[in-house]
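Q: Sharing upload-v3.txt (compact mmCIF, C-alpha atoms and all ligand atoms) below.
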# COMPACT_ATOMS: atom_id res chain seq x y z
CA MET X 1 100.79 71.88 133.99
CA THR X 2 101.50 74.33 136.78
CA THR X 3 103.23 73.84 140.12
CA LYS X 4 103.65 70.12 139.92
CA ARG X 5 105.48 69.46 143.13
CA ASP X 6 105.00 70.55 146.68
CA SER X 7 106.73 73.88 146.63
CA GLY X 8 106.66 74.51 150.36
CA ARG X 9 108.68 71.59 151.66
CA LEU X 10 112.43 71.12 151.47
CA ARG X 11 113.16 67.45 150.82
CA PRO X 12 116.10 65.65 152.54
CA ALA X 13 117.85 65.34 149.13
CA ALA X 14 117.69 69.10 148.70
CA LEU X 15 119.09 69.64 152.19
CA PHE X 16 121.92 67.22 151.46
CA LEU X 17 122.73 69.02 148.21
CA ALA X 18 122.63 72.39 149.96
CA LEU X 19 124.99 71.11 152.66
CA GLY X 20 127.34 69.73 150.02
CA ALA X 21 127.36 73.03 148.17
CA PHE X 22 128.00 74.88 151.42
CA LEU X 23 130.97 72.66 152.31
CA PHE X 24 132.34 73.06 148.80
CA PHE X 25 132.23 76.81 149.04
CA VAL X 26 133.72 76.93 152.52
CA LEU X 27 136.39 74.23 152.30
CA VAL X 28 137.33 73.87 148.65
CA LEU X 29 137.14 77.28 147.03
CA PRO X 30 139.94 79.66 147.99
CA ALA X 31 138.82 82.85 149.66
CA GLY X 32 139.48 85.05 146.64
CA LEU X 33 137.30 83.00 144.35
CA ARG X 34 134.59 82.70 146.95
CA ALA X 35 133.99 86.41 147.02
CA ALA X 36 133.57 86.43 143.27
CA ALA X 37 131.52 83.27 142.95
CA GLN X 38 128.54 83.88 145.20
CA PRO X 39 125.50 84.98 143.28
CA GLY X 40 122.42 86.26 144.94
CA ASP X 41 123.99 87.62 148.12
CA GLY X 42 121.73 90.64 147.95
CA ASN X 43 124.21 92.70 145.98
CA VAL X 44 122.29 94.79 143.46
CA VAL X 45 125.44 95.64 141.47
CA ILE X 46 125.76 93.61 138.29
CA ASN X 47 129.16 92.18 137.35
CA PRO X 48 130.51 93.56 140.63
CA GLY X 49 133.98 91.99 140.31
CA PHE X 50 134.54 92.57 136.55
CA GLU X 51 134.67 88.82 135.98
CA SER X 52 132.31 89.34 133.01
CA GLY X 53 134.59 91.93 131.45
CA VAL X 54 133.21 95.45 131.51
CA ALA X 55 129.57 94.36 131.04
CA SER X 56 127.03 96.66 132.78
CA TRP X 57 129.68 99.34 133.44
CA VAL X 58 129.97 102.64 131.58
CA CYS X 59 133.05 104.83 131.55
CA LYS X 60 132.92 108.54 130.71
CA THR X 61 136.07 110.49 129.88
CA CYS X 62 138.03 107.34 130.50
CA VAL X 63 139.03 103.98 129.06
CA LEU X 64 137.78 100.93 130.96
CA THR X 65 139.13 97.41 130.61
CA ALA X 66 138.86 94.30 132.78
CA GLY X 67 142.07 92.53 133.78
CA ALA X 68 144.96 92.33 136.21
CA PRO X 69 145.76 93.42 138.85
CA ALA X 70 142.66 92.01 140.56
CA GLN X 71 141.66 92.01 144.19
CA SER X 72 139.69 88.80 143.68
CA GLY X 73 139.01 86.49 140.79
CA ALA X 74 140.80 86.99 137.50
CA ALA X 75 140.04 90.64 136.83
CA ALA X 76 139.30 94.05 138.22
CA GLY X 77 138.05 97.14 136.45
CA GLN X 78 141.06 99.06 135.10
CA LEU X 79 140.22 102.68 134.48
CA ARG X 80 142.47 105.23 132.80
CA THR X 81 141.43 108.87 132.70
CA THR X 82 141.64 110.59 129.31
CA HIS X 83 141.16 114.30 129.97
CA ARG X 84 143.15 116.89 131.87
CA THR X 85 140.23 118.78 133.42
CA THR X 86 137.01 116.80 132.88
CA LEU X 87 136.60 114.26 135.67
CA ALA X 88 136.39 110.62 134.59
CA GLN X 89 133.25 108.76 135.70
CA LEU X 90 132.61 105.06 136.09
CA LEU X 91 128.86 104.36 136.16
CA GLN X 92 126.44 101.55 136.67
CA ASN X 93 122.85 102.40 135.76
CA ASN X 94 119.41 100.95 136.53
CA LEU X 95 120.05 99.66 140.02
CA PRO X 96 116.97 98.89 142.12
CA LEU X 97 116.72 100.86 145.35
CA GLN X 98 114.23 100.76 148.21
CA PRO X 99 113.22 103.98 149.96
CA ASN X 100 114.27 104.80 153.52
CA THR X 101 116.36 101.64 153.87
CA GLN X 102 119.81 101.15 155.31
CA TYR X 103 122.43 100.07 152.76
CA GLN X 104 126.04 99.07 152.97
CA PHE X 105 128.26 100.05 150.07
CA THR X 106 131.71 98.49 149.73
CA PHE X 107 134.42 98.27 147.09
CA TRP X 108 138.13 97.63 146.71
CA ALA X 109 140.36 100.13 144.95
CA ARG X 110 143.89 101.34 144.34
CA SER X 111 145.30 104.05 142.13
CA SER X 112 148.69 104.49 140.49
CA GLY X 113 149.47 107.74 142.28
CA GLY X 114 147.21 107.41 145.32
CA GLN X 115 144.53 109.65 143.77
CA ASP X 116 141.16 109.52 145.53
CA LEU X 117 137.70 108.50 144.34
CA ARG X 118 134.37 110.15 145.07
CA VAL X 119 131.31 107.90 144.94
CA ASP X 120 127.68 108.90 144.87
CA LEU X 121 124.34 107.31 144.17
CA LEU X 122 121.82 109.35 142.28
CA ARG X 123 118.64 109.25 140.32
CA PRO X 124 119.38 110.58 136.84
CA THR X 125 116.40 112.92 136.72
CA THR X 126 116.69 116.60 135.78
CA PRO X 127 117.93 117.85 138.14
CA ALA X 128 119.56 114.71 139.52
CA THR X 129 118.43 113.52 142.96
CA ASN X 130 121.02 112.32 145.42
CA LEU X 131 119.92 109.02 146.98
CA GLY X 132 121.85 109.18 150.26
CA LEU X 133 125.43 108.33 149.29
CA ASN X 134 128.01 110.98 148.37
CA GLN X 135 131.43 110.38 149.81
CA SER X 136 135.11 110.75 149.03
CA PHE X 137 137.46 107.81 149.68
CA ASP X 138 141.16 108.04 150.45
CA VAL X 139 142.50 105.64 147.83
CA THR X 140 146.21 104.72 147.97
CA THR X 141 148.59 102.73 145.78
CA GLU X 142 147.75 99.55 147.74
CA TRP X 143 144.51 97.60 147.51
CA GLN X 144 142.11 98.60 150.28
CA GLN X 145 138.47 97.91 150.97
CA PHE X 146 136.24 100.91 151.48
CA THR X 147 132.88 100.89 153.20
CA ALA X 148 130.06 103.38 153.58
CA THR X 149 126.77 102.85 155.37
CA PHE X 150 123.86 105.09 154.47
CA THR X 151 120.10 105.28 154.46
CA SER X 152 118.50 105.73 151.06
CA ALA X 153 116.97 109.19 150.67
CA GLY X 154 115.17 111.32 148.11
CA ILE X 155 112.57 108.72 147.10
CA ASN X 156 109.38 107.49 148.70
CA GLN X 157 108.87 104.34 146.69
CA PRO X 158 111.12 101.69 145.19
CA ILE X 159 112.94 102.73 142.04
CA SER X 160 114.85 100.75 139.46
CA ASN X 161 116.99 103.46 137.88
CA ALA X 162 119.49 104.41 140.54
CA ARG X 163 122.92 105.29 139.17
CA LEU X 164 126.11 104.41 141.02
CA ARG X 165 128.91 106.80 140.08
CA PHE X 166 132.63 106.77 140.82
CA ARG X 167 134.42 110.01 140.03
CA ALA X 168 138.17 110.06 139.55
CA ALA X 169 140.50 112.88 140.55
CA LYS X 170 141.41 115.55 138.02
CA GLY X 171 144.16 114.67 135.58
CA LYS X 172 144.90 112.78 132.39
CA GLY X 173 146.38 109.27 132.39
CA LEU X 174 145.53 108.45 136.02
CA GLN X 175 145.18 104.72 136.52
CA TYR X 176 142.65 103.17 138.92
CA SER X 177 141.84 99.54 139.71
CA ILE X 178 138.39 98.83 141.18
CA ASP X 179 137.00 95.45 142.25
CA ASP X 180 134.20 93.73 144.19
CA VAL X 181 131.73 96.58 144.23
CA SER X 182 128.79 95.81 146.48
CA LEU X 183 125.57 97.56 147.39
CA VAL X 184 123.43 95.56 149.80
CA ALA X 185 120.35 96.46 151.81
CA THR X 186 121.17 95.77 155.46
CA GLY X 187 117.91 97.00 156.93
CA ALA X 188 114.42 95.77 156.14
CA PRO X 189 112.67 97.83 153.49
CA PRO X 190 109.64 99.71 154.78
CA THR X 191 106.37 97.83 154.81
CA PRO X 192 104.69 98.17 151.42
CA THR X 193 102.51 101.25 151.52
CA ALA X 194 99.48 99.65 149.93
CA THR X 195 98.77 97.11 152.65
CA PRO X 196 95.38 95.54 152.16
CA THR X 197 92.18 97.40 152.98
CA ALA X 198 93.33 100.17 155.31
CA THR X 199 94.38 102.72 152.71
CA THR X 200 92.05 101.59 149.93
CA THR X 201 88.79 103.26 149.12
CA PRO X 202 86.17 100.54 149.32
CA PRO X 203 84.51 99.95 145.97
CA PRO X 204 80.74 100.39 145.58
CA GLY X 205 78.94 97.57 147.32
CA GLY X 206 82.04 96.29 149.10
CA SER X 207 82.32 93.35 146.74
CA GLU X 208 86.10 93.42 146.28
CA LEU X 209 89.11 92.61 148.43
CA LEU X 210 92.73 93.54 147.95
CA VAL X 211 94.18 90.07 148.48
CA PHE X 212 97.88 90.49 147.85
CA ASP X 213 100.19 93.41 147.17
CA TRP X 214 103.88 92.61 146.91
CA ASN X 215 105.77 95.86 146.34
CA GLN X 216 109.45 95.23 147.01
CA LEU X 217 112.48 93.29 145.87
CA VAL X 218 112.32 89.56 145.38
CA THR X 219 115.72 88.13 146.35
CA THR X 220 117.16 84.60 146.37
CA ALA X 221 116.11 84.50 150.04
CA HIS X 222 112.52 84.23 148.77
CA HIS X 223 113.43 81.08 146.82
CA GLY X 224 111.30 82.10 143.83
CA PHE X 225 108.16 82.27 145.95
CA PRO X 226 107.47 85.72 147.40
CA TRP X 227 104.53 85.03 149.67
CA ASP X 228 102.32 86.27 152.39
CA LYS X 229 101.85 83.94 155.39
CA PRO X 230 99.16 83.93 156.65
CA PRO X 231 97.26 85.64 153.84
CA ALA X 232 96.10 89.20 154.50
CA GLN X 233 92.51 88.30 153.54
CA ASN X 234 91.82 85.08 155.33
CA GLY X 235 88.13 85.16 156.17
CA ASN X 236 85.22 83.04 154.99
CA TRP X 237 85.03 83.43 151.21
CA VAL X 238 81.77 81.50 150.84
CA THR X 239 79.42 83.53 153.04
CA PRO X 240 78.24 86.20 153.55
CA ILE X 241 80.00 87.26 150.36
CA ASN X 242 80.80 84.61 147.78
CA TYR X 243 84.33 85.35 146.63
CA ALA X 244 85.11 81.66 146.16
CA GLU X 245 83.19 81.64 142.88
CA GLY X 246 84.36 85.09 141.94
CA THR X 247 87.29 86.31 139.88
CA PHE X 248 90.88 87.18 140.63
CA HIS X 249 92.28 90.26 138.93
CA PHE X 250 96.05 90.34 138.60
CA ARG X 251 98.40 93.22 137.97
CA ALA X 252 102.12 92.59 137.50
CA GLU X 253 104.57 95.48 137.37
CA LEU X 254 108.09 94.24 136.72
CA ARG X 255 110.42 97.19 137.24
CA HIS X 256 113.84 95.61 137.13
CA MET X 257 115.72 92.34 137.06
CA PRO X 258 119.40 91.65 136.35
CA SER X 259 118.94 90.30 132.83
CA GLN X 260 116.41 90.28 130.01
CA LYS X 261 114.04 87.33 130.25
CA ASP X 262 110.66 85.97 129.26
CA LEU X 263 108.82 84.83 132.36
CA TYR X 264 105.54 84.12 134.06
CA LEU X 265 104.28 85.25 137.44
CA GLN X 266 101.79 82.74 138.73
CA PHE X 267 99.58 83.41 141.74
CA CYS X 268 98.93 80.51 144.09
CA ILE X 269 97.10 79.89 147.36
CA TRP X 270 97.97 77.03 149.67
CA GLN X 271 95.84 75.55 152.44
CA TYR X 272 96.54 73.11 155.29
CA THR X 273 100.24 73.91 154.81
CA SER X 274 100.67 72.57 151.27
CA GLU X 275 98.03 69.87 151.06
CA LEU X 276 95.70 71.93 148.91
CA GLU X 277 96.90 74.30 146.25
CA THR X 278 95.28 76.39 143.55
CA CYS X 279 97.15 78.53 141.02
CA SER X 280 96.41 80.88 138.16
CA HIS X 281 97.26 79.56 134.71
CA THR X 282 100.41 80.60 132.87
CA LEU X 283 98.66 81.40 129.60
CA PRO X 284 100.49 82.91 126.61
CA GLU X 285 98.85 86.30 127.24
CA THR X 286 100.33 86.35 130.76
CA LYS X 287 103.90 86.03 129.52
CA ILE X 288 106.08 88.95 130.63
CA SER X 289 108.93 89.92 128.32
CA TYR X 290 111.42 91.96 130.31
CA ARG X 291 113.77 93.91 128.03
CA GLY X 292 115.22 96.44 130.44
CA ASN X 293 112.16 98.67 130.87
CA THR X 294 109.27 98.39 133.30
CA VAL X 295 106.56 96.01 132.10
CA ILE X 296 102.99 96.27 133.39
CA LEU X 297 100.53 93.49 132.61
CA THR X 298 96.98 92.93 133.88
CA TRP X 299 94.74 89.90 133.49
CA SER X 300 92.05 87.97 135.32
CA GLU X 301 90.89 84.43 135.92
CA ALA X 302 87.78 82.97 137.52
CA ILE X 303 88.74 81.12 140.69
CA LYS X 304 86.81 78.02 139.63
CA ASP X 305 88.89 77.82 136.42
CA MET X 306 92.24 77.85 138.18
CA TYR X 307 94.60 74.90 138.44
CA LEU X 308 93.99 72.59 141.42
CA LYS X 309 96.62 70.27 142.79
CA ASN X 310 95.29 66.70 142.54
CA GLY X 311 92.00 68.22 141.36
CA ARG X 312 91.05 69.08 144.95
CA PRO X 313 89.47 72.49 145.56
CA LEU X 314 90.34 74.62 148.57
CA VAL X 315 87.88 74.85 151.46
CA TRP X 316 87.14 78.54 151.07
CA SER X 317 85.15 78.84 154.28
CA GLU X 318 88.32 78.02 156.22
CA PRO X 319 91.56 79.98 156.62
CA ARG X 320 94.29 79.52 154.06
CA HIS X 321 97.96 78.94 154.95
CA ARG X 322 99.68 81.37 152.59
CA ASN X 323 99.45 82.94 149.19
CA GLY X 324 102.07 84.18 146.86
CA VAL X 325 103.71 84.27 143.49
CA SER X 326 105.69 81.60 141.72
CA VAL X 327 108.37 83.11 139.49
CA LYS X 328 108.57 80.87 136.43
CA ASN X 329 110.92 80.85 133.47
CA SER X 330 109.97 80.75 129.79
CA THR X 331 109.38 76.98 130.00
CA LYS X 332 107.12 77.51 133.02
CA ASP X 333 109.46 75.95 135.57
CA PRO X 334 109.87 77.69 138.95
CA VAL X 335 113.06 79.74 139.25
CA SER X 336 113.41 78.32 142.74
CA ASP X 337 115.75 76.24 144.85
CA TYR X 338 112.91 74.68 146.83
CA SER X 339 112.05 71.00 146.41
CA GLY X 340 115.39 70.11 144.83
CA TRP X 341 114.63 72.25 141.78
CA ASN X 342 118.08 73.89 141.93
CA TRP X 343 116.70 76.91 140.04
CA ASN X 344 115.62 74.64 137.14
CA GLY X 345 118.72 75.37 135.07
CA GLU X 346 118.56 79.13 135.54
CA ASN X 347 121.29 81.25 137.10
CA PRO X 348 119.61 82.94 140.09
CA ALA X 349 121.90 85.96 139.60
CA ASP X 350 120.14 86.56 136.26
CA TRP X 351 116.78 86.75 138.06
CA TYR X 352 117.20 88.20 141.53
CA PRO X 353 116.97 90.75 142.97
CA MET X 354 113.77 91.31 140.99
CA ASP X 355 112.03 94.59 141.69
CA MET X 356 108.34 94.08 141.20
CA ARG X 357 104.86 94.91 142.34
CA PHE X 358 102.32 92.14 142.09
CA THR X 359 98.77 92.98 143.11
CA VAL X 360 95.73 90.73 143.34
CA VAL X 361 92.12 91.76 143.88
CA VAL X 362 89.26 89.29 144.25
CA VAL X 363 85.80 90.31 143.00
CA GLU X 364 82.60 88.75 144.32
CA LYS X 365 80.70 86.25 142.19
CA GLY X 366 78.65 88.01 139.53
CA LYS X 367 80.14 91.47 140.12
CA SER X 368 82.48 93.45 137.92
CA PHE X 369 85.86 94.88 138.87
CA SER X 370 85.96 98.57 139.82
CA GLY X 371 89.37 98.97 138.11
CA TRP X 372 93.03 99.33 139.04
CA ASP X 373 92.76 103.08 139.56
CA ASN X 374 91.22 102.31 142.95
CA TYR X 375 94.32 100.40 144.01
CA ILE X 376 97.36 101.76 142.20
CA PRO X 377 97.74 105.53 142.68
CA CA Y 1 137.41 90.67 140.30
Here is the file; what I need is its structure written in the form of structure tokens.
Ligand SMILES: [Ca+2]
A:
Amino acid sequence: MTTKRDSGRLRPAALFLALGAFLFFVLVLPAGLRAAAQPGDGNVVINPGFESGVASWVCKTCVLTAGAPAQSGAAAGQLRTTHRTTLAQLLQNNLPLQPNTQYQFTFWARSSGGQDLRVDLLRPTTPATNLGLNQSFDVTTEWQQFTATFTSAGINQPISNARLRFRAAKGKGLQYSIDDVSLVATGAPPTPTATPTATTTPPPGGSELLVFDWNQLVTTAHHGFPWDKPPAQNGNWVTPINYAEGTFHFRAELRHMPSQKDLYLQFCIWQYTSELETCSHTLPETKISYRGNTVILTWSEAIKDMYLKNGRPLVWSEPRHRNGVSVKNSTKDPVSDYSGWNWNGENPADWYPMDMRFTVVVVEKGKSFSGWDNYIP
């Protein structure tokens, strides 16, 4: 039914496969293809090398095609300006961005007459907010790689609607080639602001605990299991307050992911490493249908009703090992490369980075929940 296999342990077979894949990438694939073929390297730009045509890119006052000459792979973005005075713009919208985080931005470009490019990153509000990048690059007739390092600015929480914008020089019929666009966080995002307990107003009677509050990107480096080890709330849940027979309240806020999917976010707690495991159920009403806009879903489940691995309950008076979320696809298989799952047939680049907030509150046995307003400002 739920997490069938031990999700925390990498089996020898999986290690062997991973090593094989690594050697394949390093020894067999030529360097040009390698750059284009690595999904999930933390790059938040979709279709960064124009190998999927012009998908996810928008051209204003210009014509955009994908084709030769390419810096890597089979294609680059080929942009031709179409107006004498209005600057052409190449855009990618709805990028996730963390606040106050160091990013590295790189791309390859050339232009037919050595005309330059200006690149900025903005939030398309009215007025627009610059997000820390606004720079002109000295493009020439030869392919060159350009790099800018910046710290994201102008926001104080993660957003999923950043806009990357290339602006061409003035002139009609200018020809640019752009390839391998990359925007990668190189610094750790700030600690989620809503860390358990400290900033939260205690509810009447003190019968609730903020158990888990993931509020950042989930990348392939999380292997489909963003978790918290050891758990933030790791005390005795039997006495003096009986949370063990209480209820978990879940709130999922999925802000952005690279493609439109139906999915489930399942909350699990593991104990004694992975010997004991309990998980919320992936019921039809907990299905999240991401169609490009933020989805917020709340639900609850009594702890005693949750799935138990091998039917064995956790020992709630003792500390737990970790808790976290299992990202599952529409057939309820983990989108993970742990345990030899190999992403269960999914392309990890369609899933990660996933910008989400997942919050869990436990309510004492017999008490009612004070509501999400106490936790989500
Ligand atoms: Ca390319």
Q: What are the closest atom pairs, with distances in Å to one decimal, for each residue of chain X lying within 12 Å of ligand CA 1 (chain Y), using only C-alpha atoms and all ligand atoms, rows by chain and rising residue number, as a tab-separated table?
A:
residue	atom	partner	partner_atom	distance
X:Gly32	CA	Y:CA1	CA	8.7
X:Leu33	CA	Y:CA1	CA	8.7
X:Arg34	CA	Y:CA1	CA	10.8
X:Ala35	CA	Y:CA1	CA	8.7
X:Ala36	CA	Y:CA1	CA	6.4
X:Ala37	CA	Y:CA1	CA	9.8
X:Asn47	CA	Y:CA1	CA	8.9
X:Pro48	CA	Y:CA1	CA	7.5
X:Gly49	CA	Y:CA1	CA	3.7
X:Phe50	CA	Y:CA1	CA	5.1
X:Glu51	CA	Y:CA1	CA	5.4
X:Ser52	CA	Y:CA1	CA	9.0
X:Gly53	CA	Y:CA1	CA	9.4
X:Val54	CA	Y:CA1	CA	10.9
X:Thr65	CA	Y:CA1	CA	11.9
X:Ala66	CA	Y:CA1	CA	8.5
X:Gly67	CA	Y:CA1	CA	8.2
X:Ala68	CA	Y:CA1	CA	8.7
X:Pro69	CA	Y:CA1	CA	8.9
X:Ala70	CA	Y:CA1	CA	5.4
X:Gln71	CA	Y:CA1	CA	5.9
X:Ser72	CA	Y:CA1	CA	4.5
X:Gly73	CA	Y:CA1	CA	4.5
X:Ala74	CA	Y:CA1	CA	5.7
X:Ala75	CA	Y:CA1	CA	4.4
X:Ala76	CA	Y:CA1	CA	4.4
X:Gly77	CA	Y:CA1	CA	7.6
X:Gln78	CA	Y:CA1	CA	10.5
X:Phe107	CA	Y:CA1	CA	10.6
X:Trp108	CA	Y:CA1	CA	9.5
X:Ala109	CA	Y:CA1	CA	10.9
X:Ser177	CA	Y:CA1	CA	9.9
X:Ile178	CA	Y:CA1	CA	8.3
X:Asp179	CA	Y:CA1	CA	5.2
X:Asp180	CA	Y:CA1	CA	5.9
X:Val181	CA	Y:CA1	CA	9.1
X:Ser182	CA	Y:CA1	CA	11.8
Q: For Lys328 in chain X, which residue out of X:Thr282, X:Asn156, X:Gln92, X:Thr298 is the nearest one, using all atoms listed in the file?
A: X:Thr282
Q: With all atoms listed in the file as the counted atoms, please give the residues lying no more than 12 Å from Glu364 in chain X, apart from itself and same-chain residues fewer than 5 positions off, as number ranges by chain.
A: X: 203-210, 237-249, 302-303, 369-370
Q: Can you write just those residues out, C-alpha atoms, as a PDB file, in the frame of the given file?
A:
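Output contents, as saved in again.pdb:
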ATOM      1  CA  PRO X 203      84.510  99.950 145.970  1.00  0.00           C
ATOM      2  CA  PRO X 204      80.740 100.390 145.580  1.00  0.00           C
ATOM      3  CA  GLY X 205      78.940  97.570 147.320  1.00  0.00           C
ATOM      4  CA  GLY X 206      82.040  96.290 149.100  1.00  0.00           C
ATOM      5  CA  SER X 207      82.320  93.350 146.740  1.00  0.00           C
ATOM      6  CA  GLU X 208      86.100  93.420 146.280  1.00  0.00           C
ATOM      7  CA  LEU X 209      89.110  92.610 148.430  1.00  0.00           C
ATOM      8  CA  LEU X 210      92.730  93.540 147.950  1.00  0.00           C
ATOM      9  CA  TRP X 237      85.030  83.430 151.210  1.00  0.00           C
ATOM     10  CA  VAL X 238      81.770  81.500 150.840  1.00  0.00           C
ATOM     11  CA  THR X 239      79.420  83.530 153.040  1.00  0.00           C
ATOM     12  CA  PRO X 240      78.240  86.200 153.550  1.00  0.00           C
ATOM     13  CA  ILE X 241      80.000  87.260 150.360  1.00  0.00           C
ATOM     14  CA  ASN X 242      80.800  84.610 147.780  1.00  0.00           C
ATOM     15  CA  TYR X 243      84.330  85.350 146.630  1.00  0.00           C
ATOM     16  CA  ALA X 244      85.110  81.660 146.160  1.00  0.00           C
ATOM     17  CA  GLU X 245      83.190  81.640 142.880  1.00  0.00           C
ATOM     18  CA  GLY X 246      84.360  85.090 141.940  1.00  0.00           C
ATOM     19  CA  THR X 247      87.290  86.310 139.880  1.00  0.00           C
ATOM     20  CA  PHE X 248      90.880  87.180 140.630  1.00  0.00           C
ATOM     21  CA  HIS X 249      92.280  90.260 138.930  1.00  0.00           C
ATOM     22  CA  ALA X 302      87.780  82.970 137.520  1.00  0.00           C
ATOM     23  CA  ILE X 303      88.740  81.120 140.690  1.00  0.00           C
ATOM     24  CA  PHE X 369      85.860  94.880 138.870  1.00  0.00           C
ATOM     25  CA  SER X 370      85.960  98.570 139.820  1.00  0.00           C
TER      26      SER X 370
END
Q: Using only C-alpha atoms, can you tell me which of X:Tyr176, X:Trp57, X:Phe212, X:Phe146 comes closest to Ser112 in chain X?
A: X:Tyr176
Q: Range 309-315 of chain X: which residues within 7 Å, counting all atoms listed in the file, same-chain residues fewer than 5 positions away excluded, as an MDAnalysis selection string?
A: chainID X and resid 271 276:278
Q: Counting all atoms listed in the file, which residue out of X:Asn94, X:Gln266, X:Gln89, X:Ser368 sits closest to Asn161 in chain X?
A: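 When distances to Asn161 in chain X are compared using all atoms listed in the file, the smallest one comes from X:Asn94.
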Q: What gap, in Å, lies between CA of Asn236 in chain X and CA of Ser300 in chain X?
A: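 Between CA of Asn236 in chain X and CA of Ser300 in chain X the gap is 21.4 Å.
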Q: What is the CA of Ser339 in chain X-CA of Val327 in chain X distance in Å, reported with one decimal?
A: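 The value is 14.4 Å.
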Q: Tell me, in Å to one decimal, how far CA of Leu117 in chain X is from CA of Ala168 in chain X.
A: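 Computing the Euclidean distance for CA of Leu117 in chain X and CA of Ala168 in chain X yields 5.1 Å.
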Q: Taking all atoms listed in the file into account, name the residue in X:Leu95, X:Leu164, X:Ile159, X:Ile46 that is nearest to Leu133 in chain X.
A: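 Under the stated criterion, the closest residue is X:Leu164.
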Q: Write out as a list in words the residues lying within 7 Å of Ala88 in chain X, counting all atoms listed in the file and excluding same-chain residues fewer than 4 positions away.
A: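 Neighbouring residues, sequence-local ones excluded: Lys60, Thr61, Cys62, Thr81, Arg167 and Ala168 of chain X.
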Q: Kindly export the residues of the current selection with C-alpha atoms, as an mmCIF file, in the coordinates of the input.
A:
data_model
loop_
_atom_site.group_PDB
_atom_site.id
_atom_site.type_symbol
_atom_site.label_atom_id
_atom_site.label_comp_id
_atom_site.auth_asym_id
_atom_site.auth_seq_id
_atom_site.Cartn_x
_atom_site.Cartn_y
_atom_site.Cartn_z
ATOM 1 C CA LYS X 60 132.920 108.540 130.710
ATOM 2 C CA THR X 61 136.070 110.490 129.880
ATOM 3 C CA CYS X 62 138.030 107.340 130.500
ATOM 4 C CA THR X 81 141.430 108.870 132.700
ATOM 5 C CA ARG X 167 134.420 110.010 140.030
ATOM 6 C CA ALA X 168 138.170 110.060 139.550
#
Q: I need the residue nearest Ala252 in chain X from this list: X:Leu122, X:Ala349, X:Met356, X:Val44. Use all atoms listed in the file for the distance.
A: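 Smallest separation from Ala252 in chain X among the options: X:Met356.
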Q: So, with all atoms listed in the file as the atoms that count, which of X:Arg110, X:Lys332, X:Arg123, X:Lys261 lies closest to Val139 in chain X?
A: X:Arg110
Q: Pull the neighbourhood of (148.7, 105.6, 142.4) for me: all residues within 6 Å in file coordinates, counting all atoms listed in the file, as a list in words.
A: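 Result, sorted by chain then residue number: Ser111, Ser112, Gly113, Gly114, Gln115 and Thr141 of chain X.
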Q: Dig up all the protein and nucleic acid residues within 7 Å of (121.1, 93.1, 136.0) in the file frame, using only C-alpha atoms, and format them as a list of chain:residue names.
A: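 Residues with an atom close enough to that point: X:Ile46, X:Met257, X:Pro258, X:Ser259, X:Asp350.
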